[in-house]
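Novice: Structure in structure tokens, see below.
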Amino acid sequence: AYEWDRAAKVLVDELAGRPFLVGGRFTAADLLASHTIFWGTRAKFDVPPALLAYAGNHGARPALARAMAKEAGR
């Protein structure tokens with residue numbers, strides 16, 4: 001849990017006041033960070049509220065809903 005907590009703090013600090021990690025738009029960095037946050041919640045790690053909000057915003061993207069629907073249709 002120590003490594004998770006340490007990494008989560010770095011991410012919280014990096015995101016302070018910003019919706020994206022790199023530049024002003026959604027990038028692969030946001031995709032990977034959000035995926036890791038969702039994984040952390042399923043693994044029962046303590047996920048800071050700021051990271052839950054960040055990942056929730058990205059999890060609500062229409063592109064994700066389309067990708068999941070496409071995957072479900074296979």
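Each chain of the structure tokens is named A, B, ... in the order shown, its residues numbered from 1; ligands are numbered from 1 in display order.
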Excluding segment 17-34 of chain A and any residue of its chain fewer than 5 positions from it, enumerate the residues within 8 Å of it, using only C-alpha atoms, and give them as a compact mmCIF listing (two decimals) with N, CA and C atoms, in the first residue's frame.
Specialist:
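Saved as result23.txt:
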```
# COMPACT_ATOMS: atom_id res chain seq x y z
N TYR A 54 -11.26 12.50 -11.02
CA TYR A 54 -10.51 12.53 -12.28
C TYR A 54 -10.85 11.31 -13.13
N ALA A 55 -10.75 10.14 -12.54
CA ALA A 55 -11.03 8.90 -13.28
C ALA A 55 -12.51 8.82 -13.66
N HIS A 58 -13.14 10.80 -16.78
CA HIS A 58 -12.64 10.12 -17.98
C HIS A 58 -13.43 8.85 -18.26
N GLY A 59 -13.93 8.22 -17.21
CA GLY A 59 -14.75 7.03 -17.40
C GLY A 59 -16.10 7.33 -18.02
```
Novice: Excluding same-chain residues fewer than 5 positions from Lys44 of chain A, what lies within 12 Å of it counting only C-alpha atoms, as an NGL selection string?
Specialist: :A and (1 or 4 or 37-39)
Novice: Could those selected residues go to a file with N, CA and C atoms, as a JSON list (two decimals), in the first residue's frame?
Specialist:
```
[["chain", "number", "residue", "atom", "x", "y", "z"],
["A", 1, "ALA", "N", 0.81, -1.19, 0.00],
["A", 1, "ALA", "CA", 0.00, 0.00, 0.00],
["A", 1, "ALA", "C", 0.86, 1.26, 0.00],
["A", 4, "TRP", "N", 1.50, 2.44, -3.55],
["A", 4, "TRP", "CA", 0.27, 3.00, -4.11],
["A", 4, "TRP", "C", 0.04, 4.41, -3.56],
["A", 37, "ILE", "N", -6.27, 3.89, -11.76],
["A", 37, "ILE", "CA", -7.12, 4.31, -10.64],
["A", 37, "ILE", "C", -8.30, 3.35, -10.50],
["A", 38, "PHE", "N", -8.95, 2.99, -11.61],
["A", 38, "PHE", "CA", -10.05, 2.03, -11.55],
["A", 38, "PHE", "C", -9.56, 0.69, -11.00],
["A", 39, "TRP", "N", -8.37, 0.27, -11.41],
["A", 39, "TRP", "CA", -7.79, -0.96, -10.90],
["A", 39, "TRP", "C", -7.57, -0.84, -9.38]]
```
Novice: So, counting only C-alpha atoms, which residue among A:Leu11, A:Leu64, A:Tyr2, A:Arg74 is closest to Leu52 of chain A?
Specialist: A:Leu11
Novice: Rank A:Glu3, A:Lys9, A:Ala67, A:Ala72 by their smallest atom-to-atom distance to Leu51 of chain A, using only C-alpha atoms, and report the top residue only.
Specialist: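 Answer, going by the shortest atom-to-atom distance: A:Lys9.
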